[in-house]
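What follows is one structure encoded as structure tokens, with my remarks underneath.
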Amino acid sequence: MREPLIVKNSGYVELKLIRDNRDGNLVILEALRDVPFELKRLYYITNLENSVSIRGQHAHKQLEQVIFCIQGSFTLGLDDGQNHQKILMNKVNVGIKLGKMLWHTMEDFSNGCVLLVVASDYYSEEDYIRNYDDFIQLAHQ
Ligand code: TYD
């Protein structure tokens, strides 16, 4: 049973998973079909063996992303300025949309955890809101 998402600008993205038994799993993502945007960028995060690691802690003004945990598990914190919640990410084919103005934090990484993120645009530091007070002010406008 999936925890309902109460924050704005989010949602689950479930990808097709083909289980090949002893030959492993195949997971497929198609732009504009599985995710609501054209992919301009993909990045992945590895070497998260430290359970005190923390990533994210920012929001984006325009960028849309979908985050997956393709190995292991971690906790995704989501905050839209009004509601916040924590989601356990531990399914290889179930991602979460990180829409505009959604403060997100990734922590509690398992050993060998690997994150995969697909993004709607190229990297731009100007699109980041890295200060939480600034985020709250903008979110309440
Ligand atoms: P950041 O997005 O803050 O990482 P996370 O959300 O995973 O904690 O990015 C960390 C650093 O990497 C920052 O200096 C910007 C740089 N970076 C790029 O140059 N290009 C990218 O596509 C991304 C995602 C980050």
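Letters A, B, ... go to the chains of the structure tokens in the order shown; residues in each chain start at 1; ligands are counted from 1 in the same order.
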Report as number ranges by chain which protein, DNA and RNA residues come within 12 Å of ligand 1, using only C-alpha atoms and all ligand atoms. A: 40-48, 53-60, 63, 65, 67, 76, 98, 103-107, 114-131
Write down as a VMD selection string the residues of segment 5-61 of chain A whose backbone DSSP state falls under strand (DSSP E or B). chain A and resid 12 to 14 16 to 19 25 to 28 31 35 41 to 45 54 to 60
What's the 10 Å shell around segment 21-31 of chain A, counting only C-alpha atoms, without same-chain residues fewer than 2 positions away, as a compact mmCIF listing (two decimals) with N, CA and C atoms, in the first residue's frame?
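Result saved to part28.txt:
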```txt
# COMPACT_ATOMS: atom_id res chain seq x y z
N VAL A 13 5.34 7.89 -9.98
CA VAL A 13 5.58 7.50 -11.37
C VAL A 13 5.96 6.02 -11.34
N GLU A 14 5.07 5.20 -11.85
CA GLU A 14 5.35 3.76 -11.83
C GLU A 14 5.79 3.30 -13.22
N LEU A 15 6.97 2.73 -13.29
CA LEU A 15 7.51 2.29 -14.57
C LEU A 15 7.23 0.81 -14.79
N LYS A 16 7.20 0.44 -16.07
CA LYS A 16 7.01 -0.97 -16.42
C LYS A 16 8.23 -1.77 -15.94
N LEU A 17 7.95 -2.84 -15.22
CA LEU A 17 9.00 -3.70 -14.67
C LEU A 17 8.82 -5.10 -15.24
N ILE A 18 9.83 -5.55 -15.93
CA ILE A 18 9.78 -6.91 -16.48
C ILE A 18 10.72 -7.77 -15.66
N ARG A 19 10.15 -8.75 -14.97
CA ARG A 19 10.96 -9.65 -14.14
C ARG A 19 11.38 -10.84 -14.97
N ARG A 33 5.66 9.81 -21.83
CA ARG A 33 4.69 8.74 -21.56
C ARG A 33 4.71 8.42 -20.07
N ASP A 34 5.88 8.06 -19.57
CA ASP A 34 5.98 7.74 -18.14
C ASP A 34 6.25 8.98 -17.31
N VAL A 35 6.94 9.95 -17.89
CA VAL A 35 7.19 11.21 -17.19
C VAL A 35 6.60 12.33 -18.04
N PRO A 36 6.09 13.39 -17.39
CA PRO A 36 5.30 14.38 -18.15
C PRO A 36 6.15 15.45 -18.83
N PHE A 37 7.38 15.09 -19.21
CA PHE A 37 8.23 16.08 -19.89
C PHE A 37 9.25 15.35 -20.76
N GLU A 38 9.84 16.11 -21.69
CA GLU A 38 10.98 15.61 -22.47
C GLU A 38 12.20 15.57 -21.55
N LEU A 39 12.99 14.56 -21.65
CA LEU A 39 14.19 14.48 -20.81
C LEU A 39 15.31 15.30 -21.43
N LYS A 40 15.84 16.24 -20.65
CA LYS A 40 17.03 16.95 -21.13
C LYS A 40 18.27 16.56 -20.33
N ILE A 70 17.11 3.21 -7.47
CA ILE A 70 17.23 2.02 -8.32
C ILE A 70 18.04 0.90 -7.65
N VAL A 92 12.30 -0.34 -7.07
CA VAL A 92 13.15 -0.03 -8.22
C VAL A 92 12.38 0.66 -9.35
N ASN A 93 11.08 0.43 -9.42
CA ASN A 93 10.32 0.97 -10.55
C ASN A 93 9.31 2.04 -10.14
N VAL A 94 9.39 2.52 -8.91
CA VAL A 94 8.43 3.55 -8.47
C VAL A 94 9.19 4.81 -8.07
N VAL A 118 15.69 11.99 -13.39
CA VAL A 118 15.52 12.51 -14.75
C VAL A 118 14.94 13.91 -14.63
N SER A 120 13.74 17.82 -16.55
CA SER A 120 13.12 18.45 -17.72
C SER A 120 14.02 19.47 -18.38
```
Shell around Arg2 of chain A at 10 Å using only C-alpha atoms, local window under 6 positions removed, as a PDB file with C-alpha atoms, in the first residue's frame:
```
ATOM      1  CA  TYR A  12       4.055   8.643  -8.103  1.00  0.00           C
ATOM      2  CA  ILE A  87       8.419   8.678   1.904  1.00  0.00           C
ATOM      3  CA  LEU A  88      10.451   5.482   2.004  1.00  0.00           C
TER       4      LEU A  88
END
```
With distances taken over only C-alpha atoms, the candidate from A:His140, A:Lys100, A:Lys61, A:Lys8 nearest His84 of chain A is A:Lys8
As a PDB file with all heavy atoms, in the first residue's frame, please: the residues near Asn83 of chain A (cut-off 12 Å, only C-alpha atoms, same-chain neighbours under 6 positions excluded).
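As a result, part03.pdb now contains:
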```pdb
ATOM      1  N   LEU A   5       0.322  10.862  -1.376  1.00  0.00           N
ATOM      2  CA  LEU A   5       1.152  12.072  -1.382  1.00  0.00           C
ATOM      3  C   LEU A   5       0.255  13.270  -1.103  1.00  0.00           C
ATOM      4  O   LEU A   5      -0.705  13.508  -1.838  1.00  0.00           O
ATOM      5  CB  LEU A   5       1.842  12.218  -2.736  1.00  0.00           C
ATOM      6  CG  LEU A   5       2.883  11.141  -3.029  1.00  0.00           C
ATOM      7  CD1 LEU A   5       3.417  11.272  -4.443  1.00  0.00           C
ATOM      8  CD2 LEU A   5       4.017  11.219  -2.023  1.00  0.00           C
ATOM      9  N   ILE A   6       0.580  13.995  -0.049  1.00  0.00           N
ATOM     10  CA  ILE A   6      -0.259  15.136   0.335  1.00  0.00           C
ATOM     11  C   ILE A   6       0.346  16.464  -0.108  1.00  0.00           C
ATOM     12  O   ILE A   6      -0.317  17.485  -0.052  1.00  0.00           O
ATOM     13  CB  ILE A   6      -0.534  15.160   1.866  1.00  0.00           C
ATOM     14  CG1 ILE A   6       0.786  15.241   2.649  1.00  0.00           C
ATOM     15  CG2 ILE A   6      -1.356  13.955   2.292  1.00  0.00           C
ATOM     16  CD1 ILE A   6       0.588  15.596   4.118  1.00  0.00           C
ATOM     17  N   VAL A   7       1.608  16.431  -0.544  1.00  0.00           N
ATOM     18  CA  VAL A   7       2.234  17.685  -0.978  1.00  0.00           C
ATOM     19  C   VAL A   7       1.814  18.018  -2.411  1.00  0.00           C
ATOM     20  O   VAL A   7       1.464  17.134  -3.189  1.00  0.00           O
ATOM     21  CB  VAL A   7       3.784  17.613  -0.885  1.00  0.00           C
ATOM     22  CG1 VAL A   7       4.236  17.551   0.556  1.00  0.00           C
ATOM     23  CG2 VAL A   7       4.326  16.437  -1.688  1.00  0.00           C
ATOM     24  N   LYS A   8       1.888  19.308  -2.731  1.00  0.00           N
ATOM     25  CA  LYS A   8       1.548  19.761  -4.089  1.00  0.00           C
ATOM     26  C   LYS A   8       2.686  19.415  -5.056  1.00  0.00           C
ATOM     27  O   LYS A   8       3.827  19.231  -4.639  1.00  0.00           O
ATOM     28  CB  LYS A   8       1.354  21.285  -4.093  1.00  0.00           C
ATOM     29  CG  LYS A   8       0.023  21.720  -3.533  1.00  0.00           C
ATOM     30  CD  LYS A   8      -0.125  23.232  -3.616  1.00  0.00           C
ATOM     31  CE  LYS A   8       0.565  23.903  -2.459  1.00  0.00           C
ATOM     32  NZ  LYS A   8       0.376  25.349  -2.384  1.00  0.00           N
ATOM     33  N   ASN A   9       2.356  19.413  -6.334  1.00  0.00           N
ATOM     34  CA  ASN A   9       3.361  19.285  -7.407  1.00  0.00           C
ATOM     35  C   ASN A   9       4.200  18.014  -7.301  1.00  0.00           C
ATOM     36  O   ASN A   9       5.412  18.033  -7.564  1.00  0.00           O
ATOM     37  CB  ASN A   9       4.286  20.514  -7.431  1.00  0.00           C
ATOM     38  CG  ASN A   9       3.510  21.790  -7.619  1.00  0.00           C
ATOM     39  OD1 ASN A   9       2.378  21.755  -8.099  1.00  0.00           O
ATOM     40  ND2 ASN A   9       4.090  22.901  -7.242  1.00  0.00           N
ATOM     41  N   SER A  10       3.554  16.941  -6.891  1.00  0.00           N
ATOM     42  CA  SER A  10       4.263  15.675  -6.810  1.00  0.00           C
ATOM     43  C   SER A  10       3.393  14.568  -7.410  1.00  0.00           C
ATOM     44  O   SER A  10       2.409  14.858  -8.097  1.00  0.00           O
ATOM     45  CB  SER A  10       4.626  15.365  -5.357  1.00  0.00           C
ATOM     46  OG  SER A  10       5.494  14.269  -5.302  1.00  0.00           O
ATOM     47  N   GLY A  77      12.248  13.353   1.833  1.00  0.00           N
ATOM     48  CA  GLY A  77      11.433  14.342   2.531  1.00  0.00           C
ATOM     49  C   GLY A  77      10.893  15.342   1.525  1.00  0.00           C
ATOM     50  O   GLY A  77      11.637  15.845   0.675  1.00  0.00           O
ATOM     51  N   LEU A 102       9.029  22.519  -4.773  1.00  0.00           N
ATOM     52  CA  LEU A 102       8.902  21.413  -3.814  1.00  0.00           C
ATOM     53  C   LEU A 102      10.265  21.198  -3.147  1.00  0.00           C
ATOM     54  O   LEU A 102      11.211  20.720  -3.787  1.00  0.00           O
ATOM     55  CB  LEU A 102       8.429  20.153  -4.551  1.00  0.00           C
ATOM     56  CG  LEU A 102       7.907  18.992  -3.738  1.00  0.00           C
ATOM     57  CD1 LEU A 102       6.808  19.409  -2.762  1.00  0.00           C
ATOM     58  CD2 LEU A 102       7.379  17.911  -4.672  1.00  0.00           C
ATOM     59  N   TRP A 103      10.355  21.588  -1.890  1.00  0.00           N
ATOM     60  CA  TRP A 103      11.598  21.408  -1.129  1.00  0.00           C
ATOM     61  C   TRP A 103      11.788  19.914  -0.891  1.00  0.00           C
ATOM     62  O   TRP A 103      10.862  19.235  -0.437  1.00  0.00           O
ATOM     63  CB  TRP A 103      11.494  22.153   0.201  1.00  0.00           C
ATOM     64  CG  TRP A 103      12.771  22.207   0.971  1.00  0.00           C
ATOM     65  CD1 TRP A 103      13.203  21.311   1.896  1.00  0.00           C
ATOM     66  CD2 TRP A 103      13.785  23.210   0.873  1.00  0.00           C
ATOM     67  NE1 TRP A 103      14.431  21.691   2.381  1.00  0.00           N
ATOM     68  CE2 TRP A 103      14.809  22.856   1.769  1.00  0.00           C
ATOM     69  CE3 TRP A 103      13.938  24.380   0.103  1.00  0.00           C
ATOM     70  CZ2 TRP A 103      15.962  23.622   1.945  1.00  0.00           C
ATOM     71  CZ3 TRP A 103      15.086  25.141   0.266  1.00  0.00           C
ATOM     72  CH2 TRP A 103      16.072  24.767   1.178  1.00  0.00           C
ATOM     73  N   ILE A 136      10.189  29.382   1.769  1.00  0.00           N
ATOM     74  CA  ILE A 136       8.901  29.582   2.454  1.00  0.00           C
ATOM     75  C   ILE A 136       8.264  30.894   2.012  1.00  0.00           C
ATOM     76  O   ILE A 136       7.058  30.958   1.738  1.00  0.00           O
ATOM     77  CB  ILE A 136       9.104  29.534   3.988  1.00  0.00           C
ATOM     78  CG1 ILE A 136       9.438  28.098   4.419  1.00  0.00           C
ATOM     79  CG2 ILE A 136       7.896  30.057   4.752  1.00  0.00           C
ATOM     80  CD1 ILE A 136       8.307  27.084   4.169  1.00  0.00           C
ATOM     81  N   ALA A 139       6.982  30.375  -1.511  1.00  0.00           N
ATOM     82  CA  ALA A 139       5.872  29.420  -1.533  1.00  0.00           C
ATOM     83  C   ALA A 139       4.581  30.054  -1.014  1.00  0.00           C
ATOM     84  O   ALA A 139       3.488  29.635  -1.405  1.00  0.00           O
ATOM     85  CB  ALA A 139       6.228  28.189  -0.715  1.00  0.00           C
TER      86      ALA A 139
END
```
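The closest residue to Asp134 of chain A, picked from A:Val66, A:Leu32, A:Met101, A:Ile96 and counting only C-alpha atoms, is A:Met101.
Between atom CA of Leu138 of chain A and atom CA of Glu64 of chain A there is a distance of 17.1 Å.
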One decimal place gives the atom CA of Gly112 of chain A-atom CA of Asp80 of chain A separation as 29.1 Å
Choose the residue, out of A:Leu78, A:Cys69, A:Val52, A:Cys113, that has the smallest atom-to-atom separation from Gly11 of chain A; count only C-alpha atoms. A:Leu78
All residues 6 Å or closer to Phe109 of chain A, only C-alpha atoms, same chain fewer than 4 positions away omitted, as a ChimeraX atom specification: /A:51,73-74
Considering only C-alpha atoms, can you say which of A:Asp133, A:Phe68, A:Gly81, A:Ser110 comes closest to Gly95 of chain A? A:Phe68
